[in-house]
$ cat model21.cif   # mmCIF, C-alpha atoms
data_start
#
loop_
_atom_site.group_PDB
_atom_site.id
_atom_site.type_symbol
_atom_site.label_atom_id
_atom_site.label_comp_id
_atom_site.auth_asym_id
_atom_site.auth_seq_id
_atom_site.Cartn_x
_atom_site.Cartn_y
_atom_site.Cartn_z
ATOM 1 C CA MET E 1 14.924 258.053 10.081
ATOM 2 C CA THR E 2 17.488 256.854 12.577
ATOM 3 C CA THR E 3 20.427 259.236 12.755
ATOM 4 C CA ASN E 4 23.934 259.197 14.168
ATOM 5 C CA ARG E 5 24.687 255.698 12.956
ATOM 6 C CA GLY E 6 28.238 254.542 13.302
ATOM 7 C CA HIS E 7 30.476 252.410 15.456
ATOM 8 C CA ILE E 8 31.826 252.902 18.948
ATOM 9 C CA ALA E 9 35.608 252.993 19.187
ATOM 10 C CA GLY E 10 37.249 250.235 21.192
ATOM 11 C CA PHE E 11 34.545 247.628 20.584
ATOM 12 C CA ASP E 12 34.260 245.033 17.839
ATOM 13 C CA ARG E 13 31.196 246.236 15.927
ATOM 14 C CA ARG E 14 30.659 242.690 14.614
ATOM 15 C CA LEU E 15 29.840 241.458 18.122
ATOM 16 C CA THR E 16 28.741 244.601 19.978
ATOM 17 C CA PRO E 17 25.172 245.885 19.497
ATOM 18 C CA ALA E 18 26.073 249.497 20.083
ATOM 19 C CA ARG E 19 26.029 252.696 18.047
ATOM 20 C CA PRO E 20 26.372 256.309 19.217
ATOM 21 C CA ASP E 21 22.581 256.709 19.076
ATOM 22 C CA LEU E 22 21.584 253.422 20.757
ATOM 23 C CA ALA E 23 22.935 250.307 22.417
ATOM 24 C CA ALA E 24 21.667 247.098 23.944
ATOM 25 C CA ALA E 25 20.437 247.500 27.514
ATOM 26 C CA HIS E 26 22.946 244.965 28.839
ATOM 27 C CA LEU E 27 25.760 247.266 27.687
ATOM 28 C CA ARG E 28 24.682 250.129 29.954
ATOM 29 C CA GLY E 29 27.712 251.281 31.902
ATOM 30 C CA LYS E 30 30.092 249.670 29.378
ATOM 31 C CA VAL E 31 29.507 251.922 26.356
ATOM 32 C CA GLU E 32 28.239 255.438 25.833
ATOM 33 C CA ALA E 33 25.065 255.830 23.778
ATOM 34 C CA ALA E 34 22.144 258.239 23.542
ATOM 35 C CA ARG E 35 19.691 255.543 24.624
ATOM 36 C CA PHE E 36 19.632 251.897 25.675
ATOM 37 C CA VAL E 37 17.003 249.385 24.521
ATOM 38 C CA ALA E 38 16.188 245.831 25.549
ATOM 39 C CA GLY E 39 15.511 244.665 21.997
ATOM 40 C CA GLU E 40 12.815 242.401 20.637
ATOM 41 C CA PRO E 41 13.289 238.678 19.922
ATOM 42 C CA MET E 42 12.499 237.803 16.306
ATOM 43 C CA ARG E 43 13.105 234.976 13.846
ATOM 44 C CA VAL E 44 14.020 234.750 10.167
ATOM 45 C CA ILE E 45 11.181 233.652 7.861
ATOM 46 C CA ALA E 46 13.089 233.710 4.553
ATOM 47 C CA GLU E 47 15.405 230.953 3.290
ATOM 48 C CA ALA E 48 18.546 232.970 4.049
ATOM 49 C CA ILE E 49 19.005 236.709 4.332
ATOM 50 C CA PRO E 50 22.134 238.855 4.171
ATOM 51 C CA LEU E 51 23.348 240.629 7.274
ATOM 52 C CA ARG E 52 25.323 243.739 6.339
ATOM 53 C CA GLY E 53 27.651 246.068 8.173
ATOM 54 C CA GLU E 54 25.758 249.101 6.917
ATOM 55 C CA PRO E 55 22.048 249.572 6.060
ATOM 56 C CA SER E 56 22.365 249.640 2.281
ATOM 57 C CA PRO E 57 21.633 247.054 -0.429
ATOM 58 C CA GLU E 58 24.866 248.140 -2.088
ATOM 59 C CA ASN E 59 26.872 247.060 0.947
ATOM 60 C CA GLY E 60 28.347 243.568 0.761
ATOM 61 C CA TYR E 61 27.334 240.636 2.940
ATOM 62 C CA ASP E 62 29.024 240.255 6.317
ATOM 63 C CA THR E 63 27.212 236.964 6.860
ATOM 64 C CA GLN E 64 23.786 235.380 6.419
ATOM 65 C CA ALA E 65 20.955 234.592 8.812
ATOM 66 C CA LEU E 66 19.139 231.354 8.037
ATOM 67 C CA TYR E 67 15.489 230.370 8.145
ATOM 68 C CA GLY E 68 14.261 230.045 11.727
ATOM 69 C CA GLU E 69 17.356 231.663 13.180
ATOM 70 C CA ARG E 70 16.702 233.770 16.269
ATOM 71 C CA LEU E 71 17.935 237.321 16.628
ATOM 72 C CA THR E 72 17.350 240.370 18.790
ATOM 73 C CA VAL E 73 16.201 243.514 16.984
ATOM 74 C CA TYR E 74 17.220 246.797 18.587
ATOM 75 C CA ASP E 75 15.987 249.267 15.985
ATOM 76 C CA VAL E 76 14.073 249.416 12.702
ATOM 77 C CA ASP E 77 14.493 252.526 10.563
ATOM 78 C CA ASP E 78 12.055 254.126 8.147
ATOM 79 C CA GLU E 79 13.575 252.245 5.225
ATOM 80 C CA GLY E 80 12.952 248.855 6.809
ATOM 81 C CA TRP E 81 16.463 248.053 8.020
ATOM 82 C CA ALA E 82 16.561 246.179 11.308
ATOM 83 C CA TYR E 83 19.644 246.611 13.482
ATOM 84 C CA ALA E 84 20.020 243.209 15.103
ATOM 85 C CA GLN E 85 22.248 240.625 16.768
ATOM 86 C CA LEU E 86 22.113 236.948 15.831
ATOM 87 C CA ALA E 87 21.561 234.561 18.737
ATOM 88 C CA ARG E 88 23.652 231.712 17.348
ATOM 89 C CA ASP E 89 27.011 233.424 16.904
ATOM 90 C CA GLY E 90 26.432 236.948 18.232
ATOM 91 C CA TYR E 91 27.036 238.709 14.920
ATOM 92 C CA VAL E 92 25.640 242.256 14.694
ATOM 93 C CA GLY E 93 24.451 244.119 11.620
ATOM 94 C CA TYR E 94 21.548 245.147 9.448
ATOM 95 C CA VAL E 95 18.915 242.860 7.925
ATOM 96 C CA SER E 96 15.647 243.448 6.123
ATOM 97 C CA ALA E 97 12.820 243.725 8.650
ATOM 98 C CA ASN E 98 10.444 242.285 6.040
ATOM 99 C CA ALA E 99 12.189 238.928 6.419
ATOM 100 C CA LEU E 100 11.532 238.748 10.166
ATOM 101 C CA ALA E 101 8.590 237.718 12.330
ATOM 102 C CA PRO E 102 7.901 237.350 16.063
ATOM 103 C CA VAL E 103 8.973 234.126 17.748
ATOM 104 C CA GLU E 104 5.765 232.147 18.188
ATOM 105 C CA GLN E 105 6.909 228.539 18.582
ATOM 106 C CA ALA E 106 10.141 227.025 19.773
ATOM 107 C CA ALA E 107 12.168 225.328 17.060
ATOM 108 C CA THR E 108 12.394 221.555 17.445
ATOM 109 C CA HIS E 109 14.493 220.450 14.470
ATOM 110 C CA ARG E 110 17.135 221.668 12.058
ATOM 111 C CA VAL E 111 17.967 220.838 8.461
ATOM 112 C CA ARG E 112 20.866 218.373 8.264
ATOM 113 C CA THR E 113 21.255 218.151 4.473
ATOM 114 C CA PRO E 114 22.896 220.909 2.395
ATOM 115 C CA ARG E 115 19.452 221.895 1.133
ATOM 116 C CA THR E 116 15.875 220.653 1.446
ATOM 117 C CA LEU E 117 12.544 221.685 -0.052
ATOM 118 C CA VAL E 118 9.310 222.664 1.673
ATOM 119 C CA TYR E 119 6.215 221.429 -0.192
ATOM 120 C CA PRO E 120 2.626 222.632 0.197
ATOM 121 C CA GLY E 121 1.432 219.032 0.611
ATOM 122 C CA ARG E 122 2.657 215.470 1.043
ATOM 123 C CA SER E 123 3.827 215.105 -2.541
ATOM 124 C CA ILE E 124 7.191 215.724 -4.162
ATOM 125 C CA LYS E 125 5.324 216.529 -7.398
ATOM 126 C CA THR E 126 3.926 219.782 -6.023
ATOM 127 C CA PRO E 127 5.834 223.048 -6.616
ATOM 128 C CA PRO E 128 8.003 223.753 -3.551
ATOM 129 C CA LEU E 129 7.341 226.761 -1.370
ATOM 130 C CA LEU E 130 10.863 227.206 0.000
ATOM 131 C CA ALA E 131 14.340 225.729 -0.199
ATOM 132 C CA LEU E 132 15.869 225.588 3.274
ATOM 133 C CA PRO E 133 19.637 225.505 3.880
ATOM 134 C CA MET E 134 21.572 223.361 6.304
ATOM 135 C CA LEU E 135 21.077 224.504 9.931
ATOM 136 C CA ALA E 136 17.757 226.193 9.151
ATOM 137 C CA GLN E 137 15.509 225.698 12.185
ATOM 138 C CA VAL E 138 11.879 224.592 12.055
ATOM 139 C CA SER E 139 9.107 223.593 14.438
ATOM 140 C CA VAL E 140 7.808 220.140 13.554
ATOM 141 C CA LEU E 141 4.099 219.838 14.319
ATOM 142 C CA ASP E 142 3.750 216.164 13.414
ATOM 143 C CA ILE E 143 5.128 213.415 11.193
ATOM 144 C CA ASP E 144 2.834 212.412 8.338
ATOM 145 C CA GLY E 145 4.273 209.408 6.552
ATOM 146 C CA ALA E 146 7.661 210.305 5.102
ATOM 147 C CA PHE E 147 7.018 214.015 5.658
ATOM 148 C CA ALA E 148 7.302 216.349 8.614
ATOM 149 C CA ARG E 149 4.662 219.070 8.801
ATOM 150 C CA ILE E 150 6.253 222.304 9.980
ATOM 151 C CA GLU E 151 4.966 225.552 11.451
ATOM 152 C CA ALA E 152 5.282 227.398 8.140
ATOM 153 C CA GLY E 153 2.378 225.332 6.808
ATOM 154 C CA GLY E 154 4.470 223.124 4.550
ATOM 155 C CA TYR E 155 5.950 219.645 4.472
ATOM 156 C CA VAL E 156 9.617 218.657 4.584
ATOM 157 C CA TRP E 157 11.089 215.234 3.845
ATOM 158 C CA ALA E 158 11.490 214.011 7.426
ATOM 159 C CA GLU E 159 14.857 212.317 6.877
ATOM 160 C CA HIS E 160 16.336 215.704 5.993
ATOM 161 C CA LEU E 161 15.711 216.946 9.541
ATOM 162 C CA ALA E 162 17.348 216.214 12.876
ATOM 163 C CA PRO E 163 16.514 217.265 16.446
ATOM 164 C CA LEU E 164 18.162 220.520 17.468
ATOM 165 C CA ASP E 165 20.518 218.730 19.855
ATOM 166 C CA PHE E 166 21.700 216.195 17.266
ATOM 167 C CA ALA E 167 25.437 216.402 16.542
ATOM 168 C CA GLU E 168 26.966 215.052 13.355
ATOM 169 C CA PRO E 169 29.799 212.626 14.198
ATOM 170 C CA ASP E 170 32.308 214.080 11.704
ATOM 171 C CA PHE E 171 32.350 217.796 10.910
ATOM 172 C CA VAL E 172 34.711 217.243 7.986
ATOM 173 C CA ALA E 173 32.141 214.966 6.350
ATOM 174 C CA VAL E 174 29.640 217.815 6.693
ATOM 175 C CA ALA E 175 32.042 220.225 5.001
ATOM 176 C CA GLU E 176 32.668 217.705 2.222
ATOM 177 C CA ARG E 177 28.971 217.761 1.322
ATOM 178 C CA PHE E 178 29.529 221.341 0.153
ATOM 179 C CA GLU E 179 32.202 220.451 -2.385
ATOM 180 C CA HIS E 180 31.574 222.366 -5.657
ATOM 181 C CA ALA E 181 29.175 224.822 -3.983
ATOM 182 C CA PRO E 182 29.842 228.306 -5.435
ATOM 183 C CA TYR E 183 31.960 230.795 -3.547
ATOM 184 C CA LEU E 184 30.053 233.757 -2.087
ATOM 185 C CA TRP E 185 31.621 236.349 0.204
ATOM 186 C CA GLY E 186 29.588 236.269 3.416
ATOM 187 C CA GLY E 187 27.629 233.202 2.289
ATOM 188 C CA LYS E 188 26.580 230.297 4.523
ATOM 189 C CA THR E 189 24.503 228.040 2.267
ATOM 190 C CA TRP E 190 24.873 225.539 -0.560
ATOM 191 C CA ALA E 191 23.785 228.334 -2.903
ATOM 192 C CA GLY E 192 26.935 230.258 -1.929
ATOM 193 C CA VAL E 193 29.464 229.983 0.897
ATOM 194 C CA ASP E 194 32.767 231.513 1.915
ATOM 195 C CA CYS E 195 35.740 229.955 3.689
ATOM 196 C CA SER E 196 34.846 230.763 7.298
ATOM 197 C CA GLY E 197 31.153 230.190 6.636
ATOM 198 C CA LEU E 198 31.916 226.638 5.504
ATOM 199 C CA VAL E 199 33.948 225.956 8.641
ATOM 200 C CA GLN E 200 31.306 227.489 10.904
ATOM 201 C CA ILE E 201 28.423 225.510 9.357
ATOM 202 C CA ALA E 202 30.312 222.217 9.544
ATOM 203 C CA LEU E 203 31.396 222.713 13.152
ATOM 204 C CA GLN E 204 27.963 223.865 14.314
ATOM 205 C CA ALA E 205 26.373 220.819 12.681
ATOM 206 C CA ALA E 206 28.741 218.677 14.749
ATOM 207 C CA GLY E 207 27.832 220.435 17.986
ATOM 208 C CA PHE E 208 30.761 222.857 18.275
ATOM 209 C CA GLN E 209 30.327 226.524 19.073
ATOM 210 C CA ALA E 210 32.033 228.348 16.231
ATOM 211 C CA PRO E 211 32.435 232.073 15.599
ATOM 212 C CA ARG E 212 31.883 233.511 12.126
ATOM 213 C CA ASP E 213 35.055 235.111 10.795
ATOM 214 C CA THR E 214 38.551 233.730 10.269
ATOM 215 C CA ASP E 215 40.237 235.938 12.879
ATOM 216 C CA MET E 216 37.642 234.899 15.478
ATOM 217 C CA GLN E 217 38.018 231.230 14.561
ATOM 218 C CA ALA E 218 41.824 231.351 14.668
ATOM 219 C CA ALA E 219 41.616 232.784 18.189
ATOM 220 C CA ALA E 220 38.938 230.476 19.587
ATOM 221 C CA LEU E 221 38.754 227.053 17.975
ATOM 222 C CA GLY E 222 40.539 224.147 19.613
ATOM 223 C CA ALA E 223 44.289 224.162 20.187
ATOM 224 C CA ASP E 224 46.984 225.834 18.130
ATOM 225 C CA ILE E 225 49.210 222.934 17.090
ATOM 226 C CA GLY E 226 52.638 222.960 15.573
ATOM 227 C CA PRO E 227 52.158 221.496 12.088
ATOM 228 C CA GLY E 228 55.646 220.018 12.124
ATOM 229 C CA PRO E 229 58.349 220.117 9.460
ATOM 230 C CA ASP E 230 56.790 220.432 6.003
ATOM 231 C CA PHE E 231 53.363 220.286 7.702
ATOM 232 C CA GLY E 232 53.899 216.613 8.421
ATOM 233 C CA ARG E 233 51.815 216.427 11.614
ATOM 234 C CA LEU E 234 48.470 217.317 10.097
ATOM 235 C CA GLN E 235 45.420 215.080 10.278
ATOM 236 C CA ARG E 236 41.808 215.040 9.212
ATOM 237 C CA GLY E 237 39.892 217.894 10.838
ATOM 238 C CA ASP E 238 42.788 220.291 11.335
ATOM 239 C CA LEU E 239 42.014 223.874 10.367
ATOM 240 C CA VAL E 240 44.684 225.729 8.398
ATOM 241 C CA PHE E 241 44.596 229.518 8.685
ATOM 242 C CA TRP E 242 46.006 232.332 6.639
ATOM 243 C CA LYS E 243 45.371 236.000 7.374
ATOM 244 C CA GLY E 244 41.814 236.217 6.046
ATOM 245 C CA HIS E 245 41.405 232.609 4.909
ATOM 246 C CA VAL E 246 40.802 229.139 6.336
ATOM 247 C CA GLY E 247 40.460 225.588 5.090
ATOM 248 C CA VAL E 248 39.907 222.165 6.642
ATOM 249 C CA MET E 249 42.106 219.129 6.145
ATOM 250 C CA CYS E 250 40.347 216.072 4.702
ATOM 251 C CA ASP E 251 43.457 213.976 5.426
ATOM 252 C CA ALA E 252 47.108 214.645 6.145
ATOM 253 C CA GLU E 253 47.722 216.195 2.709
ATOM 254 C CA THR E 254 44.399 217.396 1.260
ATOM 255 C CA LEU E 255 42.734 220.744 1.945
ATOM 256 C CA LEU E 256 39.040 221.529 1.441
ATOM 257 C CA HIS E 257 38.202 225.232 1.252
ATOM 258 C CA ALA E 258 35.788 227.726 -0.250
ATOM 259 C CA ASN E 259 38.017 230.051 -2.217
ATOM 260 C CA GLY E 260 38.073 232.795 -4.813
ATOM 261 C CA HIS E 261 40.630 231.025 -7.011
ATOM 262 C CA HIS E 262 38.318 228.152 -7.932
ATOM 263 C CA MET E 263 35.207 230.258 -7.079
ATOM 264 C CA GLN E 264 33.772 227.228 -5.333
ATOM 265 C CA VAL E 265 34.415 224.802 -2.511
ATOM 266 C CA ALA E 266 37.369 222.811 -3.807
ATOM 267 C CA ARG E 267 39.609 219.980 -2.657
ATOM 268 C CA GLU E 268 43.315 220.191 -3.490
ATOM 269 C CA PRO E 269 46.737 219.247 -2.096
ATOM 270 C CA LEU E 270 47.685 221.561 0.759
ATOM 271 C CA ALA E 271 51.152 222.050 -0.704
ATOM 272 C CA GLN E 272 49.631 223.316 -3.941
ATOM 273 C CA ALA E 273 47.259 225.671 -2.103
ATOM 274 C CA ARG E 274 50.047 226.994 0.140
ATOM 275 C CA ALA E 275 52.285 227.836 -2.799
ATOM 276 C CA ARG E 276 49.544 229.645 -4.723
ATOM 277 C CA ILE E 277 48.159 231.493 -1.711
ATOM 278 C CA ALA E 278 51.606 232.628 -0.585
ATOM 279 C CA GLU E 279 52.312 234.022 -4.028
ATOM 280 C CA LYS E 280 48.968 235.569 -4.954
ATOM 281 C CA SER E 281 46.825 236.399 -1.970
ATOM 282 C CA PHE E 282 47.044 235.768 1.776
ATOM 283 C CA GLY E 283 50.737 235.052 2.328
ATOM 284 C CA GLU E 284 51.984 232.232 4.532
ATOM 285 C CA VAL E 285 49.982 230.035 6.903
ATOM 286 C CA THR E 286 49.548 231.814 10.240
ATOM 287 C CA CYS E 287 48.421 228.878 12.394
ATOM 288 C CA VAL E 288 46.877 225.427 12.430
ATOM 289 C CA ARG E 289 44.173 224.644 14.977
ATOM 290 C CA ARG E 290 42.705 221.300 15.983
ATOM 291 C CA PRO E 291 39.011 221.510 17.049
ATOM 292 C CA GLY E 292 38.262 219.495 20.153
ATOM 293 C CA ALA E 293 41.855 219.568 21.338
ATOM 294 C CA ALA E 294 42.603 221.197 24.679
#
$ encode --input "model21.cif" --output "structure tokens"
Amino acid sequence: MTTNRGHIAGFDRRLTPARPDLAAAHLRGKVEAARFVAGEPMRVIAEAIPLRGEPSPENGYDTQALYGERLTVYDVDDEGWAYAQLARDGYVGYVSANALAPVEQAATHRVRTPRTLVYPGRSIKTPPLLALPMLAQVSVLDIDGAFARIEAGGYVWAEHLAPLDFAEPDFVAVAERFEHAPYLWGGKTWAGVDCSGLVQIALQAAGFQAPRDTDMQAAALGADIGPGPDFGRLQRGDLVFWKGHVGVMCDAETLLHANGHHMQVAREPLAQARARIAEKSFGEVTCVRRPGAA
């Protein structure tokens, strides 16, 4: 059993693969740890798996790792918890080692629809093997009619896939596809998504680098704009932040956000959301950021 788990003071544990007992080799000289390890590249072979801040099934989700996602594993304990860092956004935490496998083939495509099914053969009448979320990564071996045969041994409707370097033209349109998806703290799929997860998925689908949590997004995404008197300068694509919450503007007046009030991804007037949120939960808006703006 791995011992001396914990976090190292002065470093964001969400982004720093370091504990008192071990740390990533590239952090040597920057943090103090009992040992330093290079880590092993792995990939996710389940539809979506929770990444947690502590190695316990009773601990809530910090985020999710999606099918095909790459990560570096630094330690696996006797209970099957892998201490790992995700390649896509750098998030660090614990995942089930049973849901991981070595990287054997480079991914070629990603899922571009909110959800798609993997079939054992070229027929939609066969029972599906998996349901893959948006941004899941697969290796396409060949195209067989309307289907793409992937490395997992199944077939995906080819139109539901896009090359890895494909960028959706409108990230808000991506977010809008998730309307009515249930709210799930730490979620990143149509089966359950939270506010910052929705923003991250939509931006990544459109080719933007996007961190995971609201505080990271508020510090990094686009330009902080002055919303103007009565929020009159807003436009489609602006991100509205509260302390611990974020939503995306569909137009100058309408907010789309995954939220615990509706317990789903909902569209509502920003003025209505601001009044309720100020009274019941996150207080006043802290900033508005415009992705793509300098």
$ atom_distance --input "model21.cif" --atom1 "atom CA of Val156 of chain E" --atom2 "atom CA of Ala48 of chain E"
16.9 Å
$ atom_distance --input "model21.cif" --atom1 "atom CA of Arg236 of chain E" --atom2 "atom CA of Ala252 of chain E"
6.1 Å
$ residues_around --input "model21.cif" --residues "segment 231-233 of chain E" --least-positions-apart "3" --cutoff "10 Å" --atoms "only C-alpha atoms" --output "ChimeraX atom specification"
/E:225-228,238,252-253,270-271,288
$ resolve_selection --input "model21.cif" --expression "the PyMOL selection byres ((chain E and resi 61) around 8)" --output "number ranges by chain"
E: 50-53, 59-60, 62-64, 185-187
$ residues_around --input "model21.cif" --residues "Gly197 of chain E" --least-positions-apart "3" --cutoff "10 Å" --atoms "all atoms listed in the file" --output "number ranges by chain"
E: 63-64, 184-189, 192-194, 200-203, 210-214, 246, 258
$ atom_distance --input "model21.cif" --atom1 "atom CA of Gly93 of chain E" --atom2 "atom CA of Tyr74 of chain E"
10.4 Å
$ closest_residue --input "model21.cif" --among "E:Tyr67, E:Phe166, E:Tyr83, E:Phe178" --to "Leu256 of chain E" --atoms "only C-alpha atoms"
E:Phe178
$ decode --input "model21.cif" --residues "segment 31-50 of chain E" --atoms "N, CA and C atoms" --output "PDB file, in the first residue's frame"
ATOM      1  N   VAL E  31      10.058  20.516  -6.228  1.00  0.00           N
ATOM      2  CA  VAL E  31       9.294  20.078  -5.063  1.00  0.00           C
ATOM      3  C   VAL E  31      10.140  19.065  -4.293  1.00  0.00           C
ATOM      4  N   GLU E  32       9.775  18.855  -3.056  1.00  0.00           N
ATOM      5  CA  GLU E  32      10.430  17.844  -2.242  1.00  0.00           C
ATOM      6  C   GLU E  32       9.540  16.605  -2.178  1.00  0.00           C
ATOM      7  N   ALA E  33      10.117  15.450  -2.468  1.00  0.00           N
ATOM      8  CA  ALA E  33       9.387  14.193  -2.415  1.00  0.00           C
ATOM      9  C   ALA E  33      10.367  13.072  -2.123  1.00  0.00           C
ATOM     10  N   ALA E  34       9.836  11.965  -1.590  1.00  0.00           N
ATOM     11  CA  ALA E  34      10.700  10.831  -1.246  1.00  0.00           C
ATOM     12  C   ALA E  34      11.322  10.200  -2.479  1.00  0.00           C
ATOM     13  N   ARG E  35      10.605  10.191  -3.593  1.00  0.00           N
ATOM     14  CA  ARG E  35      11.149   9.639  -4.829  1.00  0.00           C
ATOM     15  C   ARG E  35      10.503  10.323  -6.022  1.00  0.00           C
ATOM     16  N   PHE E  36      11.192  10.249  -7.160  1.00  0.00           N
ATOM     17  CA  PHE E  36      10.712  10.864  -8.393  1.00  0.00           C
ATOM     18  C   PHE E  36      10.598   9.778  -9.457  1.00  0.00           C
ATOM     19  N   VAL E  37       9.498   9.786 -10.210  1.00  0.00           N
ATOM     20  CA  VAL E  37       9.255   8.750 -11.214  1.00  0.00           C
ATOM     21  C   VAL E  37       8.887   9.396 -12.549  1.00  0.00           C
ATOM     22  N   ALA E  38       9.272   8.724 -13.630  1.00  0.00           N
ATOM     23  CA  ALA E  38       8.989   9.255 -14.960  1.00  0.00           C
ATOM     24  C   ALA E  38       7.524   9.094 -15.333  1.00  0.00           C
ATOM     25  N   GLY E  39       6.873   8.055 -14.818  1.00  0.00           N
ATOM     26  CA  GLY E  39       5.484   7.806 -15.185  1.00  0.00           C
ATOM     27  C   GLY E  39       5.374   6.966 -16.436  1.00  0.00           C
ATOM     28  N   GLU E  40       4.204   6.376 -16.602  1.00  0.00           N
ATOM     29  CA  GLU E  40       3.950   5.499 -17.749  1.00  0.00           C
ATOM     30  C   GLU E  40       2.759   6.016 -18.547  1.00  0.00           C
ATOM     31  N   PRO E  41       2.918   6.207 -19.864  1.00  0.00           N
ATOM     32  CA  PRO E  41       1.784   6.667 -20.671  1.00  0.00           C
ATOM     33  C   PRO E  41       0.721   5.572 -20.789  1.00  0.00           C
ATOM     34  N   MET E  42      -0.523   5.944 -20.579  1.00  0.00           N
ATOM     35  CA  MET E  42      -1.644   5.019 -20.659  1.00  0.00           C
ATOM     36  C   MET E  42      -2.804   5.715 -21.366  1.00  0.00           C
ATOM     37  N   ARG E  43      -3.858   4.952 -21.623  1.00  0.00           N
ATOM     38  CA  ARG E  43      -5.066   5.518 -22.225  1.00  0.00           C
ATOM     39  C   ARG E  43      -6.293   4.941 -21.528  1.00  0.00           C
ATOM     40  N   VAL E  44      -7.401   5.658 -21.623  1.00  0.00           N
ATOM     41  CA  VAL E  44      -8.654   5.236 -21.013  1.00  0.00           C
ATOM     42  C   VAL E  44      -9.379   4.297 -21.970  1.00  0.00           C
ATOM     43  N   ILE E  45      -9.865   3.162 -21.465  1.00  0.00           N
ATOM     44  CA  ILE E  45     -10.564   2.196 -22.314  1.00  0.00           C
ATOM     45  C   ILE E  45     -12.012   2.001 -21.871  1.00  0.00           C
ATOM     46  N   ALA E  46     -12.504   2.849 -20.979  1.00  0.00           N
ATOM     47  CA  ALA E  46     -13.916   2.864 -20.608  1.00  0.00           C
ATOM     48  C   ALA E  46     -14.552   4.114 -21.202  1.00  0.00           C
ATOM     49  N   GLU E  47     -15.884   4.153 -21.230  1.00  0.00           N
ATOM     50  CA  GLU E  47     -16.587   5.286 -21.857  1.00  0.00           C
ATOM     51  C   GLU E  47     -16.156   6.615 -21.242  1.00  0.00           C
ATOM     52  N   ALA E  48     -16.208   6.698 -19.932  1.00  0.00           N
ATOM     53  CA  ALA E  48     -15.780   7.870 -19.176  1.00  0.00           C
ATOM     54  C   ALA E  48     -15.573   7.426 -17.742  1.00  0.00           C
ATOM     55  N   ILE E  49     -14.481   7.848 -17.140  1.00  0.00           N
ATOM     56  CA  ILE E  49     -14.189   7.410 -15.781  1.00  0.00           C
ATOM     57  C   ILE E  49     -13.980   8.626 -14.885  1.00  0.00           C
ATOM     58  N   PRO E  50     -14.384   8.538 -13.627  1.00  0.00           N
ATOM     59  CA  PRO E  50     -14.159   9.655 -12.718  1.00  0.00           C
ATOM     60  C   PRO E  50     -12.705   9.771 -12.316  1.00  0.00           C
TER      61      PRO E  50
END
